[in-house]
>>> print(open('input_19.txt').read())   # compact mmCIF, C-alpha atoms
# COMPACT_ATOMS: atom_id res chain seq x y z
CA MET A 1394 21.99 4.61 -27.44
CA ARG A 1395 18.78 6.17 -28.77
CA LYS A 1396 16.97 2.90 -28.15
CA LYS A 1397 18.00 2.77 -24.50
CA PHE A 1398 17.10 6.42 -24.03
CA LEU A 1399 13.61 6.01 -25.49
CA ILE A 1400 12.94 2.91 -23.40
CA PHE A 1401 14.20 4.72 -20.32
CA MET A 1402 11.86 7.65 -21.00
CA TYR A 1403 8.98 5.24 -21.50
CA GLY A 1404 9.76 3.78 -18.09
CA LEU A 1405 9.69 7.27 -16.62
CA GLY A 1406 6.21 7.74 -18.02
CA LEU A 1407 5.02 4.42 -16.62
CA SER A 1408 6.49 5.15 -13.19
CA VAL A 1409 4.73 8.49 -12.89
CA ILE A 1410 1.45 6.85 -13.98
CA ALA A 1411 1.95 4.23 -11.27
CA GLY A 1412 2.55 7.05 -8.79
CA PHE A 1413 -0.67 8.73 -9.90
CA ILE A 1414 -2.68 5.53 -9.40
CA VAL A 1415 -1.21 4.87 -5.96
CA GLY A 1416 -1.92 8.48 -5.06
CA LEU A 1417 -5.54 8.06 -6.14
CA PHE A 1418 -5.81 5.02 -3.87
CA TYR A 1419 -4.65 7.12 -0.93
CA VAL A 1420 -7.11 9.89 -1.78
CA LEU A 1421 -9.93 7.35 -2.16
CA GLN A 1422 -9.37 5.70 1.22
CA SER A 1423 -9.04 9.09 2.88
CA PHE A 1424 -12.30 10.28 1.31
CA LEU A 1425 -14.21 7.13 2.26
CA ILE A 1426 -13.02 7.21 5.88
CA GLU A 1427 -13.91 10.86 6.27
CA PHE A 1428 -17.27 10.37 4.53
CA PHE A 1429 -18.40 7.49 6.74
CA TRP A 1430 -16.71 8.43 10.02
CA HIS A 1431 -16.15 12.19 9.82
CA LYS A 1432 -13.35 13.84 11.76
CA ASN A 1433 -15.05 14.02 15.13
CA VAL A 1434 -14.08 10.95 17.16
CA ASP A 1435 -16.94 11.69 19.57
CA ALA A 1436 -19.39 10.78 16.80
CA PHE A 1437 -17.90 7.31 16.26
CA SER A 1438 -20.20 5.54 18.73
CA ARG A 1439 -23.15 4.80 16.43
CA PRO A 1440 -24.41 1.29 17.18
CA VAL A 1441 -26.65 0.79 14.15
CA THR A 1442 -24.58 2.70 11.59
CA ASN A 1443 -21.34 1.04 12.66
CA ALA A 1444 -22.96 -2.38 12.50
CA ILE A 1445 -24.18 -1.76 8.94
CA ILE A 1446 -20.77 -0.47 7.82
CA LEU A 1447 -18.94 -3.46 9.28
CA LEU A 1448 -21.49 -5.92 7.88
CA VAL A 1449 -21.08 -4.55 4.36
CA ILE A 1450 -17.29 -4.53 4.64
CA GLY A 1451 -17.33 -8.08 6.00
CA ILE A 1452 -19.24 -9.20 2.92
CA VAL A 1453 -16.77 -7.33 0.70
CA ILE A 1454 -13.82 -9.05 2.40
CA PHE A 1455 -15.40 -12.49 2.03
CA LEU A 1456 -16.27 -12.07 -1.64
CA THR A 1457 -12.97 -10.48 -2.66
CA ARG A 1458 -10.85 -13.04 -0.82
CA LYS A 1459 -12.79 -15.74 -2.62
CA HIS A 1460 -12.04 -14.25 -6.05
CA PHE A 1461 -8.75 -12.37 -5.61
CA GLY A 1462 -7.19 -13.79 -2.47
CA GLN A 1463 -5.83 -11.51 0.23
CA LEU A 1464 -5.92 -7.82 -0.65
CA PRO A 1465 -3.69 -5.99 -0.24
CA ARG A 1466 -1.08 -8.60 -0.98
CA ASN A 1467 1.31 -9.14 1.89
CA PHE A 1468 4.66 -7.48 1.23
CA SER A 1469 6.63 -10.39 2.67
CA ASN A 1470 4.76 -12.84 0.44
CA VAL A 1471 5.39 -10.67 -2.60
CA MET A 1472 9.12 -10.53 -1.89
CA ALA A 1473 9.23 -14.28 -1.24
CA GLU A 1474 7.56 -14.88 -4.61
CA ILE A 1475 10.08 -12.60 -6.32
CA ARG A 1476 13.01 -14.44 -4.73
CA GLN A 1477 11.54 -17.79 -5.76
CA LYS A 1478 10.30 -17.03 -9.28
CA GLY A 1479 12.08 -13.83 -10.26
CA THR A 1480 8.71 -12.11 -10.65
CA ALA A 1481 5.35 -11.75 -8.88
CA ASN A 1482 1.71 -11.89 -9.89
CA TYR A 1483 0.35 -8.36 -10.23
CA HIS A 1484 -2.91 -9.10 -12.06
CA THR A 1485 -5.00 -7.97 -9.08
CA LEU A 1486 -3.29 -4.59 -8.81
CA LEU A 1487 -6.28 -2.50 -9.85
CA ALA A 1488 -8.48 -4.41 -7.41
CA GLN A 1489 -5.81 -3.72 -4.80
CA MET A 1490 -6.29 -0.01 -5.48
CA VAL A 1491 -9.99 -0.19 -4.61
CA ILE A 1492 -10.82 -3.07 -2.24
CA PRO A 1493 -8.36 -2.15 0.56
CA ALA A 1494 -9.64 1.43 0.46
CA ILE A 1495 -13.11 0.06 1.20
CA ILE A 1496 -11.82 -2.32 3.88
CA LEU A 1497 -10.03 0.53 5.67
CA VAL A 1498 -13.40 2.17 6.29
CA SER A 1499 -13.97 -0.54 8.92
CA GLY A 1500 -11.62 1.29 11.28
CA THR A 1501 -8.96 -1.40 11.25
CA SER A 1502 -5.56 -0.42 12.58
CA LEU A 1503 -3.93 -1.66 9.37
CA GLY A 1504 -3.36 1.59 7.52
CA PRO A 1505 -2.87 2.40 3.83
CA GLU A 1506 0.87 1.78 4.09
CA ALA A 1507 0.35 -1.97 3.61
CA THR A 1508 -1.21 -1.32 0.22
CA LEU A 1509 1.26 1.41 -0.68
CA VAL A 1510 4.32 -0.75 -0.05
CA SER A 1511 3.23 -3.93 -1.84
CA SER A 1512 1.69 -1.95 -4.72
CA THR A 1513 4.92 -0.04 -5.25
CA VAL A 1514 6.82 -3.30 -5.66
CA LEU A 1515 4.19 -4.84 -7.94
CA TYR A 1516 4.01 -1.76 -10.15
CA GLY A 1517 7.79 -1.92 -10.43
CA ILE A 1518 7.54 -5.49 -11.72
CA TRP A 1519 4.83 -4.47 -14.19
CA ILE A 1520 6.98 -1.61 -15.48
CA GLY A 1521 9.90 -4.00 -15.96
CA ASP A 1522 7.71 -6.42 -17.93
CA LYS A 1523 6.47 -3.65 -20.22
CA LEU A 1524 9.98 -2.34 -20.81
CA ARG A 1525 11.24 -5.84 -21.49
CA TYR A 1526 8.66 -6.32 -24.23
CA VAL A 1527 9.48 -2.99 -25.88
CA GLU A 1528 13.20 -3.76 -25.74
CA ALA A 1529 12.73 -7.23 -27.27
CA ASN A 1530 10.46 -5.95 -30.04
CA TYR A 1531 12.04 -2.56 -30.65
CA ALA A 1532 13.04 -3.24 -34.26
CA LYS A 1533 9.58 -4.58 -35.07
CA LEU A 1534 7.88 -1.60 -33.44
CA LYS A 1535 9.99 0.83 -35.48
CA LYS A 1536 8.40 -0.61 -38.62
CA SER A 1537 4.88 -0.69 -37.20
CA SER A 1538 2.20 1.97 -37.55
CA TRP A 1539 1.92 4.61 -34.89
CA LEU A 1540 -1.44 3.15 -33.85
CA MET A 1541 0.20 -0.19 -33.18
CA VAL A 1542 3.00 1.48 -31.24
CA LEU A 1543 0.46 3.33 -29.11
CA ARG A 1544 -1.40 0.09 -28.55
CA VAL A 1545 1.75 -1.61 -27.29
CA LEU A 1546 2.73 1.31 -25.09
CA LEU A 1547 -0.66 2.16 -23.61
CA ILE A 1548 -2.48 -1.14 -23.07
CA PRO A 1549 -1.39 -2.14 -19.55
CA HIS A 1550 -2.38 -5.82 -19.47
CA GLN A 1551 -0.88 -6.85 -22.82
CA TYR A 1552 2.52 -6.77 -24.50
CA ARG A 1553 4.64 -7.81 -21.55
CA ILE A 1554 7.57 -10.18 -21.08
CA HIS A 1555 8.10 -11.58 -17.61
CA ARG A 1556 11.51 -11.54 -16.05
CA GLU A 1557 13.46 -14.73 -16.63
CA ASP A 1558 13.90 -16.88 -13.57
CA SER A 1559 17.65 -17.26 -13.98
CA PRO A 1560 20.74 -15.65 -12.44
CA GLU A 1561 22.00 -14.73 -15.92
CA HIS A 1562 19.19 -12.27 -16.46
CA ARG A 1563 20.51 -8.73 -16.24
CA GLY A 1564 17.54 -6.63 -17.38
CA ILE A 1565 17.72 -3.97 -20.08
CA PHE A 1566 19.80 -1.33 -18.31
CA LEU A 1567 23.43 -1.56 -17.29
CA ASN A 1568 22.86 0.29 -14.03
CA LYS A 1569 19.65 -1.32 -12.81
CA LYS A 1570 19.91 -0.02 -9.25
CA MET A 1571 20.18 3.59 -10.37
CA THR A 1572 17.31 3.11 -12.81
CA LYS A 1573 15.13 1.68 -10.06
CA VAL A 1574 15.92 4.63 -7.81
CA VAL A 1575 15.07 7.12 -10.56
CA TYR A 1576 11.81 5.36 -11.36
CA PHE A 1577 10.92 5.13 -7.68
CA LEU A 1578 11.54 8.84 -7.13
CA ASN A 1579 9.55 9.62 -10.25
CA GLY A 1580 6.68 7.54 -8.88
CA VAL A 1581 6.90 9.42 -5.59
CA LEU A 1582 6.66 12.63 -7.60
CA GLY A 1583 3.48 11.38 -9.27
CA PHE A 1584 2.09 10.36 -5.89
CA SER A 1585 2.93 13.79 -4.44
CA ILE A 1586 1.23 15.61 -7.31
CA VAL A 1587 -2.04 13.73 -6.76
CA TYR A 1588 -1.66 14.05 -2.99
CA ASN A 1589 -1.36 17.82 -3.16
CA LEU A 1590 -3.94 18.31 -5.91
CA PHE A 1591 -6.60 16.78 -3.67
CA GLY A 1592 -5.47 18.76 -0.63
CA GLU A 1593 -4.48 15.81 1.54
CA PRO A 1594 -2.99 16.83 4.92
CA SER A 1595 0.74 16.57 5.39
CA LEU A 1596 2.16 13.20 6.38
CA ILE A 1597 4.59 15.05 8.66
CA ILE A 1598 3.19 16.07 12.04
CA ARG A 1599 4.97 18.83 13.91
CA ILE A 1600 4.67 18.09 17.60
CA GLY A 1601 6.28 21.33 18.73
CA ASP A 1602 9.44 22.59 20.38
CA SER A 1603 11.14 20.44 22.97
CA ASN A 1604 11.48 21.68 26.55
CA TRP A 1605 13.69 18.83 27.74
CA HIS A 1606 16.81 19.79 29.69
CA TYR A 1607 19.97 17.82 30.33
CA GLU A 1608 18.95 16.93 33.88
CA LYS A 1609 15.78 15.31 32.54
CA LEU A 1610 17.48 13.08 29.99
CA GLY A 1611 17.54 10.29 32.57
CA TRP A 1612 13.75 10.29 32.53
CA MET A 1613 13.79 10.17 28.75
CA LEU A 1614 15.96 7.06 28.85
CA LEU A 1615 13.63 5.47 31.41
CA ILE A 1616 10.59 6.28 29.28
CA LEU A 1617 12.22 4.72 26.23
CA LEU A 1618 13.14 1.56 28.11
CA VAL A 1619 9.67 1.18 29.63
CA SER A 1620 8.04 1.86 26.25
CA TYR A 1621 10.22 -0.78 24.61
CA ALA A 1622 9.43 -3.31 27.34
CA VAL A 1623 5.68 -2.65 27.18
CA GLY A 1624 5.71 -2.87 23.39
CA HIS A 1625 7.66 -6.13 23.50
CA VAL A 1626 5.23 -7.65 26.00
CA TYR A 1627 2.28 -6.43 23.93
CA LEU A 1628 3.76 -8.04 20.81
CA LYS A 1629 4.23 -11.36 22.60
CA VAL A 1630 0.66 -11.27 23.91
CA MET A 1631 -0.74 -10.51 20.45
CA ILE A 1632 1.26 -13.38 18.94
CA GLU A 1633 -0.10 -15.80 21.53
CA ILE A 1634 -3.67 -14.56 21.01
CA ARG A 1635 -3.24 -15.04 17.28
CA LYS A 1636 -1.99 -18.59 17.81
CA VAL A 1637 -5.00 -19.38 19.99
CA ILE A 1638 -7.44 -17.96 17.43
CA GLN A 1639 -5.81 -19.73 14.49
CA SER A 1640 -5.77 -23.04 16.34
CA ARG A 1641 -9.48 -22.88 17.15
CA ILE A 1642 -11.12 -20.96 14.31
CA PHE A 1643 -10.58 -22.25 10.80
CA HIS A 1644 -13.58 -21.06 8.81
CA GLU A 1645 -13.03 -17.78 6.99
CA VAL A 1646 -16.51 -16.48 7.78
CA ALA A 1647 -15.89 -17.05 11.49
CA LEU A 1648 -12.56 -15.18 11.33
CA ILE A 1649 -14.14 -12.24 9.50
CA THR A 1650 -17.02 -12.20 11.98
CA LEU A 1651 -14.65 -12.23 14.95
CA GLY A 1652 -12.63 -9.36 13.51
CA GLY A 1653 -15.77 -7.38 12.76
CA LEU A 1654 -17.10 -7.89 16.29
CA ALA A 1655 -13.79 -6.75 17.78
CA ILE A 1656 -13.85 -3.56 15.73
CA TYR A 1657 -17.55 -3.02 16.49
CA VAL A 1658 -17.03 -3.28 20.25
CA SER A 1659 -14.03 -0.96 19.99
CA SER A 1660 -16.08 1.58 18.05
CA LEU A 1661 -18.58 1.73 20.91
CA LEU A 1662 -16.33 1.45 23.97
CA ALA A 1663 -13.02 2.91 22.80
CA PRO A 1664 -13.50 4.72 19.47
CA GLU A 1665 -10.22 6.59 20.01
CA ILE A 1666 -8.23 3.48 19.01
CA LEU A 1667 -9.88 3.11 15.60
CA PHE A 1668 -7.67 3.86 12.59
CA SER A 1669 -4.59 3.42 14.81
CA GLY A 1670 -5.71 6.45 16.81
CA GLN A 1671 -4.89 8.83 13.97
CA HIS A 1672 -7.91 10.97 14.85
CA ASN A 1673 -6.09 11.92 18.04
CA PHE A 1674 -2.89 13.05 16.35
CA HIS A 1675 -3.94 16.66 16.72
CA LEU A 1676 -3.46 16.27 20.48
CA PHE A 1677 0.29 16.06 19.91
CA THR A 1678 0.30 19.68 18.82
CA THR A 1679 -1.94 20.95 21.62
CA ASN A 1680 -0.17 23.32 23.96
>>> encode(input="input_19.txt", output="structure tokens")
Amino acid sequence: MRKKFLIFMYGLGLSVIAGFIVGLFYVLQSFLIEFFWHKNVDAFSRPVTNAIILLVIGIVIFLTRKHFGQLPRNFSNVMAEIRQKGTANYHTLLAQMVIPAIILVSGTSLGPEATLVSSTVLYGIWIGDKLRYVEANYAKLKKSSWLMVLRVLLIPHQYRIHREDSPEHRGIFLNKKMTKVVYFLNGVLGFSIVYNLFGEPSLIIRIGDSNWHYEKLGWMLLILLVSYAVGHVYLKVMIEIRKVIQSRIFHEVALITLGGLAIYVSSLLAPEILFSGQHNFHLFTTN
């Protein structure tokens, strides 16, 4: 019982550390975006400055994809790897905490949530591997020096046992789902602490009080239907455009260049759409 409790508490410590690191990623990308683009959307149209920023980021994307692959890792690909192998490769996690933060400075509409989601899953796998090692070597660690124990507990890239790729594997806790929930919430707590320490703005935007009346609900339904239809058409168009691009452009440099040019033109002609338009969110609360 004591063994399970100590391992559980160790997992709590790892989960809050993971939350801290993910929180630092969010703070970093927020700082970089504000540093290079400021908050005033009217100042986004800077032909030379924007070109330099996008050129540097394009080089970063090319070099990092060559050495690390796609960063951040796609969530669907991570889950597919887990279903196939029982685990996933998380050796580029620290790079995933830095490189996407730099890439987001480009103004791409892909926000930090892509990194947050896949990183949360990958950190969960890392925590499981560390706990698995401690559980398997618990008796040996009890006889080891405290320096050795600290080494095992604190060195992140060593002393791990990957999850077995077999249906018989049950992990080290009887109630794995509850343990995962507790660790996840603990990680969210760590993320929230960092988030608030650095004074990041709330993720919740209050739009204001509603003035809709019952006789206007018909218009609301119409707006929802039209919005759904427009969004569906837009999605179809984007899928077809992607197919056309992928069928004609194969070289990675050409793809990066095309994406950079699209963002560059947008920054000059329609800067409001950069960063998914988040710089215009304040308009929701304008009376």
>>> residues_around(input="input_19.txt", residues="His1484 in chain A", least_positions_apart="3", cutoff="12 Å", atoms="all atoms listed in the file", output="list in words")
Phe1461, Gly1462, Leu1464, Arg1466, Ala1481, Leu1487, Ala1488, Gln1489, Met1490, Ser1512, Leu1515, Tyr1516, Ile1518, Trp1519, Pro1549, His1550 and Gln1551 of chain A
>>> write_last_selection(input="input_19.txt", atoms="C-alpha atoms", output="CSV table (one decimal), in the frame of the given file")
chain,number,residue,atom,x,y,z
A,1461,PHE,CA,-8.8,-12.4,-5.6
A,1462,GLY,CA,-7.2,-13.8,-2.5
A,1464,LEU,CA,-5.9,-7.8,-0.6
A,1466,ARG,CA,-1.1,-8.6,-1.0
A,1481,ALA,CA,5.4,-11.8,-8.9
A,1487,LEU,CA,-6.3,-2.5,-9.8
A,1488,ALA,CA,-8.5,-4.4,-7.4
A,1489,GLN,CA,-5.8,-3.7,-4.8
A,1490,MET,CA,-6.3,0.0,-5.5
A,1512,SER,CA,1.7,-2.0,-4.7
A,1515,LEU,CA,4.2,-4.8,-7.9
A,1516,TYR,CA,4.0,-1.8,-10.2
A,1518,ILE,CA,7.5,-5.5,-11.7
A,1519,TRP,CA,4.8,-4.5,-14.2
A,1549,PRO,CA,-1.4,-2.1,-19.6
A,1550,HIS,CA,-2.4,-5.8,-19.5
A,1551,GLN,CA,-0.9,-6.8,-22.8
>>> residues_around(input="input_19.txt", residues="Ile1649 in chain A", least_positions_apart="2", cutoff="8 Å", atoms="all atoms listed in the file", output="NGL selection string")
:A and (1451 or 1454-1455 or 1645-1647 or 1651-1653)
>>> axis_aligned_box(input="input_19.txt", around="range 1610-1626 of chain A", padding_each_side="8 Å", output="AutoDock Vina command-line options")
--center_x 11.4 --center_y 2.7 --center_z 28.0 --size_x 28.3 --size_y 36.7 --size_z 25.2
>>> closest_residue(input="input_19.txt", among="A:Tyr1403, A:Leu1540, A:Ile1554, A:Asn1482", to="Arg1525 in chain A", atoms="all atoms listed in the file")
A:Ile1554
>>> atom_distance(input="input_19.txt", atom1="CA of Ile1666 in chain A", atom2="CA of Arg1439 in chain A")
15.2 Å
>>> closest_residue(input="input_19.txt", among="A:His1555, A:His1460, A:Arg1544, A:Lys1523", to="Lys1478 in chain A", atoms="all atoms listed in the file")
A:His1555
>>> closest_atom_pairs(input="input_19.txt", of="range 1508-1538 of chain A", to="range 1410-1424 of chain A", cutoff="9 Å", atoms="only C-alpha atoms", output="JSON lines")
{"residue": "A:Thr1508", "atom": "CA", "partner": "A:Val1415", "partner_atom": "CA", "distance": 8.7}
{"residue": "A:Leu1509", "atom": "CA", "partner": "A:Val1415", "partner_atom": "CA", "distance": 6.8}
{"residue": "A:Ser1512", "atom": "CA", "partner": "A:Val1415", "partner_atom": "CA", "distance": 7.5}
{"residue": "A:Thr1513", "atom": "CA", "partner": "A:Val1415", "partner_atom": "CA", "distance": 7.9}
{"residue": "A:Tyr1516", "atom": "CA", "partner": "A:Ala1411", "partner_atom": "CA", "distance": 6.4}
{"residue": "A:Gly1517", "atom": "CA", "partner": "A:Ala1411", "partner_atom": "CA", "distance": 8.5}
{"residue": "A:Ile1520", "atom": "CA", "partner": "A:Ala1411", "partner_atom": "CA", "distance": 8.8}
>>> atom_distance(input="input_19.txt", atom1="CA of Phe1591 in chain A", atom2="CA of Leu1405 in chain A")
22.9 Å
>>> atom_distance(input="input_19.txt", atom1="CA of Phe1398 in chain A", atom2="CA of Met1541 in chain A")
20.3 Å
>>> closest_residue(input="input_19.txt", among="A:Leu1524, A:Val1441, A:Val1471, A:Val1575", to="Ile1400 in chain A", atoms="all atoms listed in the file")
A:Leu1524
>>> closest_residue(input="input_19.txt", among="A:Ile1492, A:Ile1616, A:Val1527, A:Val1409", to="Asn1579 in chain A", atoms="all atoms listed in the file")
A:Val1409
>>> closest_residue(input="input_19.txt", among="A:Thr1457, A:Arg1553, A:Ile1586, A:Leu1628", to="Ala1529 in chain A", atoms="only C-alpha atoms")
A:Arg1553
